[in-house]
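Shown below: work-v2.cif, with mmCIF, C-alpha atoms.
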```cif
data_final
loop_
_atom_site.label_atom_id
_atom_site.label_comp_id
_atom_site.auth_asym_id
_atom_site.auth_seq_id
_atom_site.Cartn_x
_atom_site.Cartn_y
_atom_site.Cartn_z
CA MET Y 6 39.49 -46.46 18.31
CA THR Y 7 37.22 -47.18 21.24
CA LYS Y 8 37.65 -50.51 22.98
CA LEU Y 9 34.39 -52.44 23.15
CA SER Y 10 32.71 -55.35 24.86
CA LEU Y 11 30.16 -57.22 22.79
CA PHE Y 12 26.82 -57.40 24.59
CA LEU Y 13 24.90 -60.37 23.17
CA GLY Y 14 21.56 -60.11 24.96
CA CYS Y 15 19.14 -63.05 24.67
CA ILE Y 16 17.87 -63.56 21.12
CA VAL Y 17 21.22 -63.40 19.35
CA PRO Y 18 23.12 -66.10 21.31
CA ASN Y 19 20.05 -68.16 22.19
CA ARG Y 20 18.10 -68.13 18.90
CA TYR Y 21 20.17 -66.60 16.07
CA PRO Y 22 23.81 -67.50 16.75
CA GLY Y 23 24.52 -66.72 13.06
CA ILE Y 24 24.22 -63.07 14.02
CA GLU Y 25 26.75 -63.51 16.83
CA ASN Y 26 29.16 -65.26 14.53
CA ALA Y 27 28.74 -62.75 11.71
CA THR Y 28 29.14 -59.81 14.08
CA LYS Y 29 32.37 -61.18 15.48
CA LEU Y 30 33.79 -61.88 12.02
CA CYS Y 31 32.79 -58.45 10.85
CA LEU Y 32 34.36 -56.64 13.79
CA GLN Y 33 37.52 -58.67 13.40
CA LYS Y 34 37.74 -57.83 9.71
CA LEU Y 35 37.25 -54.14 10.44
CA GLY Y 36 39.95 -54.26 13.11
CA VAL Y 37 37.61 -53.29 15.93
CA ASP Y 38 38.83 -54.23 19.40
CA ALA Y 39 35.75 -56.00 20.80
CA CYS Y 40 35.75 -58.83 23.33
CA ASP Y 41 33.10 -60.94 25.03
CA LEU Y 42 31.32 -59.70 28.15
CA PRO Y 43 31.32 -62.79 30.39
CA GLY Y 44 28.45 -63.12 32.83
CA ALA Y 45 26.14 -60.61 31.11
CA SER Y 46 22.42 -61.26 31.41
CA CYS Y 47 19.22 -60.11 29.73
CA CYS Y 48 19.60 -56.35 29.18
CA PRO Y 49 16.71 -56.49 30.63
CA ALA Y 50 14.12 -56.36 27.86
CA PRO Y 51 12.72 -52.82 27.94
CA GLY Y 52 9.24 -53.72 26.71
CA VAL Y 53 8.59 -55.89 29.69
CA PHE Y 54 10.97 -54.92 32.51
CA LYS Y 55 10.69 -51.18 31.97
CA SER Y 56 6.93 -51.69 32.05
CA PHE Y 57 7.06 -53.59 35.34
CA ASP Y 58 9.46 -51.95 37.75
CA LYS Y 59 11.93 -49.15 37.20
CA ALA Y 60 14.24 -50.07 40.09
CA THR Y 61 14.61 -53.65 38.82
CA TRP Y 62 15.09 -52.49 35.24
CA LEU Y 63 17.86 -50.10 36.32
CA ALA Y 64 19.49 -52.63 38.63
CA LEU Y 65 19.76 -55.34 35.99
CA ALA Y 66 20.86 -52.93 33.28
CA SER Y 67 23.46 -51.33 35.55
CA ARG Y 68 24.88 -54.71 36.51
CA ASN Y 69 25.58 -55.34 32.81
CA ILE Y 70 27.07 -51.88 32.45
CA VAL Y 71 29.31 -52.34 35.50
CA LEU Y 72 30.67 -55.60 34.04
CA SER Y 73 31.92 -53.56 31.11
CA GLU Y 74 33.03 -50.60 33.26
CA ARG Y 75 35.33 -53.04 35.06
CA MET Y 76 36.90 -53.95 31.71
CA GLU Y 77 37.18 -50.26 30.80
CA ARG Y 78 35.31 -50.88 27.58
CA ASP Y 79 32.27 -49.28 25.99
CA ILE Y 80 29.38 -51.66 25.38
CA LEU Y 81 28.49 -52.61 21.82
CA THR Y 82 24.93 -53.88 21.42
CA VAL Y 83 23.57 -55.67 18.37
CA CYS Y 84 19.90 -55.28 19.28
CA ASN Y 85 17.59 -52.27 19.43
CA GLY Y 86 16.05 -53.52 22.68
CA CYS Y 87 19.40 -54.01 24.41
CA TYR Y 88 20.52 -50.65 23.08
CA GLY Y 89 17.34 -48.99 24.33
CA SER Y 90 17.62 -50.51 27.77
CA LEU Y 91 21.34 -50.09 28.36
CA ALA Y 92 21.79 -46.68 26.73
CA ASP Y 93 18.74 -45.26 28.51
CA ALA Y 94 19.71 -46.71 31.89
CA ASN Y 95 23.29 -45.50 31.46
CA MET Y 96 22.08 -42.01 30.59
CA GLU Y 97 19.54 -41.80 33.41
CA LEU Y 98 22.02 -43.02 36.01
CA LYS Y 99 24.70 -40.63 34.81
CA LYS Y 100 22.50 -37.57 35.03
CA ASP Y 101 20.40 -38.32 38.12
CA PRO Y 102 22.44 -38.62 41.35
CA GLU Y 103 19.43 -39.79 43.38
CA LEU Y 104 18.60 -42.54 40.96
CA ARG Y 105 22.25 -43.55 40.90
CA ALA Y 106 22.39 -43.71 44.69
CA SER Y 107 19.30 -45.90 44.95
CA THR Y 108 20.50 -48.20 42.16
CA ASN Y 109 23.91 -48.45 43.79
CA SER Y 110 22.27 -49.45 47.06
CA TYR Y 111 20.95 -52.56 45.27
CA LEU Y 112 24.23 -53.17 43.46
CA LYS Y 113 26.10 -52.98 46.76
CA GLU Y 114 24.47 -56.29 47.74
CA ILE Y 115 26.49 -57.97 45.00
CA GLY Y 116 29.63 -55.90 45.52
CA MET Y 117 29.16 -53.63 42.55
CA GLU Y 118 28.98 -49.91 41.95
CA PHE Y 119 27.82 -47.98 38.92
CA LYS Y 120 30.40 -45.31 38.15
CA GLY Y 121 29.20 -43.92 34.84
CA THR Y 122 32.52 -44.25 33.03
CA ILE Y 123 31.49 -45.84 29.73
CA GLU Y 124 29.17 -45.38 26.76
CA VAL Y 125 26.65 -47.74 25.17
CA ARG Y 126 26.68 -48.15 21.38
CA HIS Y 127 24.56 -49.87 18.73
CA ILE Y 128 26.39 -51.60 15.91
CA ILE Y 129 24.61 -49.69 13.13
CA GLU Y 130 25.19 -46.35 14.81
CA PHE Y 131 28.79 -47.38 15.60
CA LEU Y 132 29.59 -48.38 12.02
CA TYR Y 133 27.98 -45.25 10.65
CA ARG Y 134 29.78 -42.89 12.98
CA GLU Y 135 33.16 -44.60 13.27
CA PHE Y 136 33.51 -45.80 9.67
CA GLY Y 137 30.78 -44.36 7.50
CA PRO Y 138 29.49 -45.70 4.17
CA GLU Y 139 32.35 -44.41 2.04
CA LYS Y 140 35.03 -46.09 4.12
CA LEU Y 141 33.03 -49.30 4.36
CA LYS Y 142 32.77 -49.53 0.58
CA ASP Y 143 36.46 -50.39 0.53
CA TYR Y 144 35.72 -53.59 2.41
CA ILE Y 145 33.05 -54.84 0.03
CA THR Y 146 34.54 -57.51 -2.14
CA ARG Y 147 31.34 -58.72 -3.76
CA PRO Y 148 28.88 -55.90 -4.36
CA LEU Y 149 25.30 -56.98 -4.00
CA ASP Y 150 22.73 -56.69 -6.73
CA LEU Y 151 19.71 -56.74 -4.44
CA LYS Y 152 16.65 -54.63 -3.81
CA VAL Y 153 15.99 -54.50 -0.09
CA ALA Y 154 13.32 -53.22 2.28
CA LEU Y 155 14.97 -51.66 5.30
CA HIS Y 156 13.45 -51.80 8.73
CA TYR Y 157 15.15 -49.53 11.26
CA GLY Y 158 13.11 -50.70 14.23
CA CYS Y 159 11.92 -48.22 16.82
CA HIS Y 160 14.47 -48.09 19.62
CA LEU Y 161 17.52 -47.55 17.45
CA ILE Y 162 16.34 -44.01 16.71
CA LYS Y 163 13.67 -43.25 19.31
CA PRO Y 164 13.23 -41.45 21.64
CA SER Y 165 15.15 -39.02 19.41
CA LYS Y 166 15.92 -36.63 22.28
CA ASP Y 167 18.23 -39.29 23.72
CA ARG Y 168 19.57 -40.86 20.53
CA ASN Y 169 20.97 -37.94 18.55
CA LEU Y 170 20.65 -39.82 15.30
CA GLY Y 171 18.60 -37.20 13.52
CA GLU Y 172 14.93 -37.04 12.76
CA THR Y 173 12.78 -40.12 12.97
CA GLU Y 174 10.21 -39.82 10.16
CA SER Y 175 12.64 -40.50 7.32
CA PRO Y 176 16.16 -41.22 8.55
CA VAL Y 177 18.83 -42.20 6.01
CA PHE Y 178 21.93 -43.41 7.85
CA PHE Y 179 21.04 -47.12 7.82
CA ASP Y 180 20.02 -46.88 4.14
CA GLU Y 181 23.39 -45.33 3.33
CA LEU Y 182 25.23 -48.11 5.14
CA VAL Y 183 23.32 -50.82 3.31
CA GLU Y 184 23.68 -49.11 -0.05
CA ALA Y 185 27.44 -49.13 0.47
CA THR Y 186 27.21 -52.86 -0.26
CA GLY Y 187 25.77 -52.20 -3.71
CA ALA Y 188 22.23 -53.10 -2.64
CA LYS Y 189 19.40 -50.70 -3.32
CA SER Y 190 17.18 -49.64 -0.44
CA VAL Y 191 13.64 -49.39 -1.77
CA ASP Y 192 11.17 -46.99 -0.19
CA TYR Y 193 7.85 -48.46 0.91
CA THR Y 194 4.65 -47.40 2.66
CA ASP Y 195 4.93 -47.31 6.44
CA LYS Y 196 8.65 -48.00 6.33
CA MET Y 197 9.12 -46.46 9.76
CA MET Y 198 6.25 -48.39 11.31
CA CYS Y 199 6.92 -50.75 14.20
CA CYS Y 200 7.16 -54.49 13.40
CA GLY Y 201 4.57 -55.16 16.11
CA ALA Y 202 6.78 -57.11 18.50
CA GLY Y 203 7.83 -54.51 21.08
CA GLY Y 204 6.43 -53.37 24.40
CA GLY Y 205 5.54 -56.87 25.52
CA VAL Y 206 2.94 -57.10 22.72
CA ARG Y 207 4.45 -60.13 21.00
CA SER Y 208 4.48 -62.02 24.29
CA GLY Y 209 1.21 -60.67 25.68
CA HIS Y 210 -1.00 -60.15 22.62
CA VAL Y 211 0.39 -62.32 19.85
CA ALA Y 212 -2.64 -62.00 17.53
CA LEU Y 213 -2.35 -58.20 17.48
CA SER Y 214 1.38 -58.47 17.04
CA LEU Y 215 0.92 -60.61 13.92
CA GLU Y 216 -1.76 -58.28 12.52
CA MET Y 217 0.70 -55.42 12.64
CA LEU Y 218 3.34 -57.62 11.04
CA GLU Y 219 0.98 -58.59 8.23
CA HIS Y 220 0.35 -54.95 7.43
CA LYS Y 221 4.04 -54.24 7.31
CA LEU Y 222 4.68 -57.29 5.09
CA ALA Y 223 1.90 -56.26 2.70
CA CYS Y 224 3.60 -52.87 2.27
CA ILE Y 225 6.96 -54.53 1.74
CA ARG Y 226 5.53 -56.92 -0.84
CA GLN Y 227 4.11 -54.03 -2.83
CA ALA Y 228 7.59 -52.56 -3.05
CA GLY Y 229 8.84 -55.72 -4.76
CA VAL Y 230 12.06 -56.40 -2.91
CA ASP Y 231 14.44 -59.35 -2.69
CA CYS Y 232 14.63 -59.28 1.09
CA ILE Y 233 14.11 -57.40 4.31
CA VAL Y 234 17.09 -55.99 6.18
CA ASN Y 235 16.67 -55.13 9.84
CA ALA Y 236 18.81 -53.76 12.65
CA CYS Y 237 17.37 -55.69 15.59
CA PRO Y 238 17.15 -59.41 16.37
CA PHE Y 239 13.74 -59.01 17.99
CA CYS Y 240 12.34 -57.38 14.84
CA HIS Y 241 14.19 -60.14 12.98
CA LEU Y 242 12.47 -62.81 15.05
CA GLN Y 243 9.15 -61.14 14.32
CA PHE Y 244 9.84 -61.01 10.57
CA ASP Y 245 11.21 -64.55 10.55
CA ARG Y 246 9.18 -66.71 12.92
CA GLY Y 247 6.28 -64.28 12.74
CA GLN Y 248 5.90 -65.02 9.04
CA LEU Y 249 5.65 -68.72 9.81
CA ALA Y 250 2.87 -67.98 12.29
CA VAL Y 251 1.07 -65.77 9.78
CA ASN Y 252 1.33 -68.55 7.22
CA GLU Y 253 -0.14 -71.02 9.68
CA LYS Y 254 -2.97 -68.62 10.44
CA ARG Y 255 -3.66 -68.43 6.71
CA ASN Y 256 -3.67 -72.23 6.38
CA GLY Y 257 -0.46 -72.24 4.42
CA LEU Y 258 -1.78 -69.84 1.80
CA PHE Y 259 0.41 -66.94 2.86
CA ASP Y 260 3.19 -66.24 0.43
CA PRO Y 261 6.20 -65.50 2.61
CA CYS Y 262 8.18 -62.39 1.82
CA PRO Y 263 10.77 -63.51 -0.73
CA SER Y 264 13.58 -63.63 1.76
CA LEU Y 265 15.11 -62.30 4.88
CA PHE Y 266 18.46 -61.06 5.91
CA SER Y 267 19.33 -60.57 9.51
CA ALA Y 268 20.61 -57.85 11.72
CA PRO Y 269 24.21 -56.68 11.93
CA TRP Y 270 24.47 -55.18 8.56
CA PRO Y 271 27.76 -56.06 6.95
CA SER Y 272 27.92 -59.59 8.20
CA ALA Y 273 26.36 -61.61 5.46
CA TRP Y 274 27.66 -59.38 2.74
CA LEU Y 275 31.25 -59.28 3.80
CA PHE Y 276 31.53 -62.89 4.77
CA SER Y 277 28.69 -64.54 2.96
CA GLY Y 278 30.65 -67.65 2.25
CA ARG Y 279 31.53 -68.19 5.87
CA THR Y 280 28.49 -67.19 7.82
CA ARG Y 281 24.99 -68.43 7.98
CA ASN Y 282 22.21 -66.09 8.84
CA ARG Y 283 19.68 -68.79 9.07
CA THR Y 284 16.09 -67.81 8.58
CA GLU Y 285 13.26 -70.14 9.31
CA CYS Y 286 10.74 -68.62 6.95
CA SER Y 287 12.69 -69.03 3.74
CA PRO Y 288 15.38 -71.68 4.03
CA GLU Y 289 15.92 -71.74 0.28
CA TYR Y 290 17.10 -68.14 0.48
CA ARG Y 291 19.72 -69.15 2.97
CA ILE Y 292 21.28 -71.27 0.26
CA SER Y 293 21.37 -68.40 -2.19
CA CYS Y 294 22.91 -66.24 0.51
CA LYS Y 295 25.63 -68.76 1.05
CA SER Y 296 26.49 -68.91 -2.61
CA LEU Y 297 26.77 -65.17 -3.01
CA MET F 20 -5.16 -46.92 44.86
CA SER F 21 -4.19 -44.17 47.24
CA GLU F 22 -1.72 -42.35 45.02
CA LYS F 23 -3.10 -39.92 42.54
CA LEU F 24 -2.08 -40.83 39.00
CA LEU F 25 -1.28 -37.30 38.05
CA GLU F 26 0.92 -36.85 41.10
CA VAL F 27 2.88 -39.99 40.33
CA LEU F 28 3.41 -38.89 36.74
CA LYS F 29 4.46 -35.44 37.88
CA THR F 30 6.93 -36.84 40.39
CA ALA F 31 8.45 -38.89 37.59
CA GLY F 32 8.90 -35.66 35.61
CA LEU F 33 6.06 -36.53 33.25
CA ASP F 34 3.72 -33.59 32.89
CA VAL F 35 0.64 -34.53 30.88
CA LEU F 36 -1.39 -31.46 31.80
CA SER F 37 -0.37 -29.55 28.69
CA CYS F 38 -2.19 -32.13 26.54
CA MET F 39 -4.74 -30.36 24.34
CA GLN F 40 -6.46 -33.59 23.28
CA CYS F 41 -5.58 -33.07 19.61
CA GLY F 42 -5.40 -36.82 18.97
CA THR F 43 -2.11 -36.82 17.03
CA CYS F 44 -1.00 -39.65 19.33
CA THR F 45 -4.00 -41.83 18.56
CA GLY F 46 -3.83 -41.00 14.86
CA SER F 47 -0.15 -42.00 14.74
CA CYS F 48 -0.46 -45.21 16.74
CA PRO F 49 0.31 -48.38 14.71
CA SER F 50 -1.36 -50.55 17.34
CA GLY F 51 -4.42 -48.30 17.51
CA ARG F 52 -5.08 -49.02 13.82
CA HIS F 53 -5.89 -52.57 14.76
CA THR F 54 -7.20 -52.32 18.30
CA GLY F 55 -9.06 -50.19 20.76
CA LEU F 56 -5.85 -48.59 22.05
CA ASN F 57 -6.69 -44.91 22.28
CA THR F 58 -3.64 -43.09 23.59
CA ARG F 59 -5.43 -39.75 23.78
CA ARG F 60 -8.06 -41.26 26.06
CA ILE F 61 -5.44 -42.89 28.29
CA LEU F 62 -3.77 -39.52 28.81
CA ARG F 63 -7.15 -37.97 29.55
CA ASP F 64 -8.00 -40.65 32.08
CA ALA F 65 -4.61 -40.19 33.74
CA ARG F 66 -4.93 -36.44 34.11
CA LYS F 67 -8.38 -36.90 35.56
CA ASN F 68 -7.01 -39.44 38.03
CA ARG F 69 -9.34 -42.13 36.73
CA THR F 70 -7.69 -45.17 38.25
CA LYS F 71 -9.73 -47.55 36.10
CA VAL F 72 -7.11 -46.90 33.42
CA LEU F 73 -4.77 -49.15 35.39
CA SER F 74 -6.96 -52.22 34.89
CA ASP F 75 -7.58 -51.39 31.23
CA ASP F 76 -6.05 -54.08 29.02
CA ALA F 77 -5.49 -51.44 26.33
CA LEU F 78 -2.52 -50.21 28.38
CA TRP F 79 -0.70 -53.37 27.27
CA LEU F 80 -1.42 -53.00 23.55
CA CYS F 81 1.26 -50.33 23.11
CA THR F 82 4.45 -51.56 21.43
CA THR F 83 6.38 -48.57 22.86
CA CYS F 84 7.35 -47.46 19.35
CA TYR F 85 7.50 -43.82 20.54
CA THR F 86 5.78 -42.46 17.41
CA CYS F 87 3.18 -40.60 19.52
CA GLN F 88 5.87 -39.11 21.69
CA GLU F 89 7.91 -37.97 18.68
CA ARG F 90 4.89 -36.35 17.02
CA CYS F 91 3.20 -34.77 20.04
CA PRO F 92 2.90 -31.04 19.23
CA ARG F 93 3.11 -30.27 22.95
CA GLY F 94 6.23 -32.34 23.45
CA ILE F 95 4.63 -34.56 26.07
CA PRO F 96 6.66 -37.71 26.83
CA ILE F 97 3.61 -39.86 26.09
CA THR F 98 5.29 -43.27 25.83
CA ASP F 99 7.27 -42.64 28.99
CA ALA F 100 4.04 -41.68 30.77
CA LEU F 101 2.35 -44.83 29.51
CA LEU F 102 5.25 -46.90 30.86
CA GLU F 103 4.83 -45.19 34.22
CA LEU F 104 1.12 -46.10 34.21
CA ARG F 105 2.02 -49.71 33.43
CA ARG F 106 4.38 -49.80 36.40
CA LEU F 107 1.59 -48.49 38.62
CA ALA F 108 -0.75 -51.13 37.20
CA VAL F 109 1.79 -53.87 38.02
CA ARG F 110 2.08 -52.59 41.59
CA GLU F 111 -1.69 -52.93 41.80
CA GLY F 112 -1.39 -56.52 40.64
CA PHE F 113 -2.44 -56.09 37.01
CA MET F 114 -0.10 -58.20 34.94
CA LEU F 115 -0.69 -60.51 31.99
CA PRO F 116 0.11 -64.18 32.71
CA GLU F 117 2.49 -64.21 29.71
CA HIS F 118 4.43 -61.30 31.18
CA ARG F 119 4.58 -62.99 34.54
CA LYS F 120 6.09 -65.98 32.76
CA VAL F 121 8.79 -63.92 31.01
CA SER F 122 9.68 -62.42 34.39
CA GLU F 123 9.94 -65.86 35.96
CA THR F 124 12.20 -67.00 33.13
CA VAL F 125 14.59 -64.12 33.83
CA LEU F 126 14.45 -64.88 37.56
CA GLU F 127 15.31 -68.48 36.84
CA CYS F 128 17.99 -68.28 34.15
CA GLY F 129 18.93 -64.64 33.65
CA HIS F 130 17.53 -64.43 30.12
CA ALA F 131 14.10 -63.60 28.75
CA VAL F 132 14.76 -66.07 25.95
CA PRO F 133 16.85 -68.95 27.31
CA LEU F 134 19.16 -71.20 25.36
CA ASP F 135 17.64 -74.40 23.94
CA GLU F 136 19.13 -77.63 22.61
CA GLU F 137 18.44 -76.75 18.98
CA THR F 138 20.37 -73.49 19.25
CA LYS F 139 23.23 -75.19 21.06
CA LYS F 140 23.55 -77.44 18.02
CA LYS F 141 23.37 -74.49 15.63
CA ARG F 142 26.09 -72.75 17.64
CA GLU F 143 28.38 -75.72 17.34
CA GLU F 144 27.76 -76.00 13.61
CA LEU F 145 28.89 -72.38 13.30
CA GLY F 146 32.05 -73.06 15.27
CA LEU F 147 30.84 -71.17 18.34
CA GLU F 148 30.96 -72.50 21.89
CA PRO F 149 27.67 -74.33 22.59
CA ILE F 150 27.03 -72.13 25.63
CA PRO F 151 27.54 -68.41 25.04
CA GLU F 152 29.66 -66.18 27.29
CA THR F 153 26.64 -64.97 29.23
CA VAL F 154 25.20 -65.58 32.68
CA GLN F 155 24.13 -69.03 31.43
CA LYS F 156 27.75 -70.17 31.46
CA TYR F 157 28.70 -68.89 34.91
CA PRO F 158 26.71 -70.23 37.90
CA GLU F 159 28.21 -67.60 40.22
CA ALA F 160 27.05 -64.82 37.89
CA LEU F 161 23.57 -66.30 37.84
CA GLU F 162 23.52 -66.42 41.65
CA GLU F 163 24.61 -62.79 41.72
CA LEU F 164 21.77 -61.88 39.38
CA LYS F 165 19.23 -63.75 41.49
CA THR F 166 20.44 -61.95 44.61
CA LEU F 167 20.07 -58.63 42.82
CA LEU F 168 16.52 -59.42 41.71
CA LYS F 169 15.58 -60.47 45.23
CA THR F 170 17.13 -57.31 46.66
CA CYS F 171 14.83 -55.37 44.34
CA LYS F 172 11.93 -57.53 45.61
CA PHE F 173 11.10 -58.34 42.00
CA ASP F 174 10.00 -61.87 42.92
CA LYS F 175 7.40 -60.43 45.29
CA LEU F 176 6.26 -57.85 42.78
CA ILE F 177 5.45 -60.40 40.11
CA ALA F 178 3.85 -62.92 42.47
CA GLU F 179 0.10 -63.15 41.91
CA LYS F 180 -1.79 -60.90 44.25
#
```

Kindly transcribe the structure held in the file into structure tokens.
Amino acid sequence: MTKLSLFLGCIVPNRYPGIENATKLCLQKLGVDACDLPGASCCPAPGVFKSFDKATWLALASRNIVLSERMERDILTVCNGCYGSLADANMELKKDPELRASTNSYLKEIGMEFKGTIEVRHIIEFLYREFGPEKLKDYITRPLDLKVALHYGCHLIKPSKDRNLGETESPVFFDELVEATGAKSVDYTDKMMCCGAGGGVRSGHVALSLEMLEHKLACIRQAGVDCIVNACPFCHLQFDRGQLAVNEKRNGLFDPCPSLFSAPWPSAWLFSGRTRNRTECSPEYRISCKSL
Amino acid sequence: MSEKLLEVLKTAGLDVLSCMQCGTCTGSCPSGRHTGLNTRRILRDARKNRTKVLSDDALWLCTTCYTCQERCPRGIPITDALLELRRLAVREGFMLPEHRKVSETVLECGHAVPLDEETKKKREELGLEPIPETVQKYPEALEELKTLLKTCKFDKLIAEK
């Protein structure tokens, strides 16, 4: 199987280290050859950097890619934003010689060259394609009796012309992966809607960002689920800390969504006793997770 | 603004001229439900070279969810075009202070969200190294990154004009 380097990005190592830990345990358990990527930086965040300057966005992304090219390993991302940035930059630089030449002129200043020898993966897409739900079922030691609301996040599947993960209005691959654990993925209104955090909106227009989140949460609540499962730490941050902010806005009268699981899917389920996917918005749920 | 918007979009391979103003983009926009973001109008302004679109705050209300782009019956890369307009806006000096701050954070420490003491503690409790294997741990890697950003003149781009 492909050799990988684990690209952490910013939010996972610097805010939700439980995701980093769970991902590493999970990959180890599945026998995936994945190592650290020392010296990697921000991907850089597509919502902001791609909105500011294309040359800088490509230069920073390609530096991260070159670090992994030197190790002769494909990059494994655990975040939709990192995936969006690195996969898109990798693709653009591979297919456009002019763009590659200009990016390499910047990289030359730090003794690097983009060669275009590796691929960029996302953990959900990787697990689905390389293992698949049926095979993963064999690893589940404690099937979960949970009803969950799935949130794919936008940049895992879009733009679809570059992702090749099927159609984007009602995809099923993530649902299938999660249902392999025994959990039931419950359909809900606006399931494919954005969490409201992307595109620099959470940083630049936080009130709007929270309004969009509130709508999404209202839809999820109607579906009556035990928790939300997402595929991206930035969406996770929005669902987690965002709920605290919504509650504050509502003077403490907001009833937080029952619970919250975090990103890399199999982590908490496979190793629930050993990992801690800490969520700020419902700490009591963390305890029930641990005792699963 | 000497460059014509339409020309810039065209050069970037983003042809918005086939837009028939059907409004599927605006109708699909999750941000537009809550705000004045009207994607259809932004495309119209762009094709008519109305440079006022660059100073329009609505440009920054898009979460880049790509729903409009996926649903466009003419197959116009709408989100990509909007990103191109944002980059033009930044070159003209239009940038939210919060976005300037995120940029400065990356310039300073290589991450948009830097490590804090609380997370260091959490990391240790989990049995992880307190400082992750990223640019934060390697001063020479951080220097390299700073050099790269300067080579791209990113510091000058984000400086207030």

Kindly provide, as a PyMOL selection string, the polymer residues lying within 10 Å of (4.0, -42.2, 29.3), counting only C-alpha atoms and using the coordinates exactly as they appear in the file.
chain F and resi 28+31+33-35+58+61-62+65+83+85+87-88+95-105

So which residues touch Y:Leu32 within 10 Å, counting all atoms listed in the file, skipping near sequence neighbours fewer than 3 positions away, as a list in words?
Leu11, Ala27, Thr28, Lys29, Leu35, Gly36, Val37, Asp38, Ala39, Cys40, Ile128, Leu132, Pro271 and Ser272 of chain Y

Residue IDs satisfying the PyMOL selection byres ((chain Y and resi 178-182) around 10), as a ChimeraX atom specification
/Y:129-130,132-134,136-139,141-142,153-157,170-171,175-177,183-192,234-236,270-271

Output of the PyMOL selection byres ((chain Y) within 8 of (chain F)), listed as a short mmCIF file (atom, residue, chain, number, x, y, z; two decimals) with C-alpha atoms, in the coordinates of the input:
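So out_24.cif came out as:
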```cif
data_model
loop_
_atom_site.label_atom_id
_atom_site.label_comp_id
_atom_site.auth_asym_id
_atom_site.auth_seq_id
_atom_site.Cartn_x
_atom_site.Cartn_y
_atom_site.Cartn_z
CA LEU Y 13 24.90 -60.37 23.17
CA GLY Y 14 21.56 -60.11 24.96
CA CYS Y 15 19.14 -63.05 24.67
CA ILE Y 16 17.87 -63.56 21.12
CA PRO Y 18 23.12 -66.10 21.31
CA ASN Y 19 20.05 -68.16 22.19
CA ARG Y 20 18.10 -68.13 18.90
CA TYR Y 21 20.17 -66.60 16.07
CA PRO Y 22 23.81 -67.50 16.75
CA GLY Y 23 24.52 -66.72 13.06
CA ASN Y 26 29.16 -65.26 14.53
CA ASP Y 41 33.10 -60.94 25.03
CA LEU Y 42 31.32 -59.70 28.15
CA PRO Y 43 31.32 -62.79 30.39
CA GLY Y 44 28.45 -63.12 32.83
CA ALA Y 45 26.14 -60.61 31.11
CA SER Y 46 22.42 -61.26 31.41
CA CYS Y 47 19.22 -60.11 29.73
CA PRO Y 49 16.71 -56.49 30.63
CA ALA Y 50 14.12 -56.36 27.86
CA GLY Y 52 9.24 -53.72 26.71
CA VAL Y 53 8.59 -55.89 29.69
CA PHE Y 54 10.97 -54.92 32.51
CA LYS Y 55 10.69 -51.18 31.97
CA SER Y 56 6.93 -51.69 32.05
CA PHE Y 57 7.06 -53.59 35.34
CA ASP Y 58 9.46 -51.95 37.75
CA LYS Y 59 11.93 -49.15 37.20
CA ALA Y 60 14.24 -50.07 40.09
CA THR Y 61 14.61 -53.65 38.82
CA ALA Y 64 19.49 -52.63 38.63
CA LEU Y 65 19.76 -55.34 35.99
CA TYR Y 111 20.95 -52.56 45.27
CA LEU Y 112 24.23 -53.17 43.46
CA GLU Y 114 24.47 -56.29 47.74
CA ILE Y 115 26.49 -57.97 45.00
CA CYS Y 159 11.92 -48.22 16.82
CA HIS Y 160 14.47 -48.09 19.62
CA LYS Y 163 13.67 -43.25 19.31
CA PRO Y 164 13.23 -41.45 21.64
CA SER Y 165 15.15 -39.02 19.41
CA THR Y 173 12.78 -40.12 12.97
CA MET Y 198 6.25 -48.39 11.31
CA CYS Y 199 6.92 -50.75 14.20
CA GLY Y 201 4.57 -55.16 16.11
CA ALA Y 202 6.78 -57.11 18.50
CA GLY Y 203 7.83 -54.51 21.08
CA GLY Y 204 6.43 -53.37 24.40
CA GLY Y 205 5.54 -56.87 25.52
CA VAL Y 206 2.94 -57.10 22.72
CA SER Y 208 4.48 -62.02 24.29
CA GLY Y 209 1.21 -60.67 25.68
CA HIS Y 210 -1.00 -60.15 22.62
CA LEU Y 213 -2.35 -58.20 17.48
CA GLU Y 216 -1.76 -58.28 12.52
CA MET Y 217 0.70 -55.42 12.64
CA THR Y 280 28.49 -67.19 7.82
CA ARG Y 281 24.99 -68.43 7.98
#
```

Step by step, work through what the PyMOL selection byres ((chain Y and resi 68-81) around 6) selects in the shown file, and finish by giving those residues as a list in words.
Lys8, Leu9, Ser10, Leu11, Phe12, Ala45, Leu65, Ala66, Ser67, Thr82, Phe119, Ile123, Glu124, Val125, Arg126 and His127 of chain Y

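Candidate residues Y:Asp143, Y:Leu151, Y:Ala94, Y:Thr7 were compared for distance to Y:Lys34, and the nearest is Y:Asp143, using only C-alpha atoms.
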
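With distances restricted to all atoms listed in the file, Y:Pro51 is the closest residue to Y:Asn85 from Y:Pro102, Y:Gly257, Y:Pro51, Y:Gly121.
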
Among F:Gln40, F:Thr124, F:Asn57, F:Thr30, F:Val72 is approached most closely, using all atoms listed in the file, by F:Asn57

Could you jot down the atom CA of Y:Val17 to atom CA of Y:Asp150 separation for me, Å, one decimal place?
27.0 Å
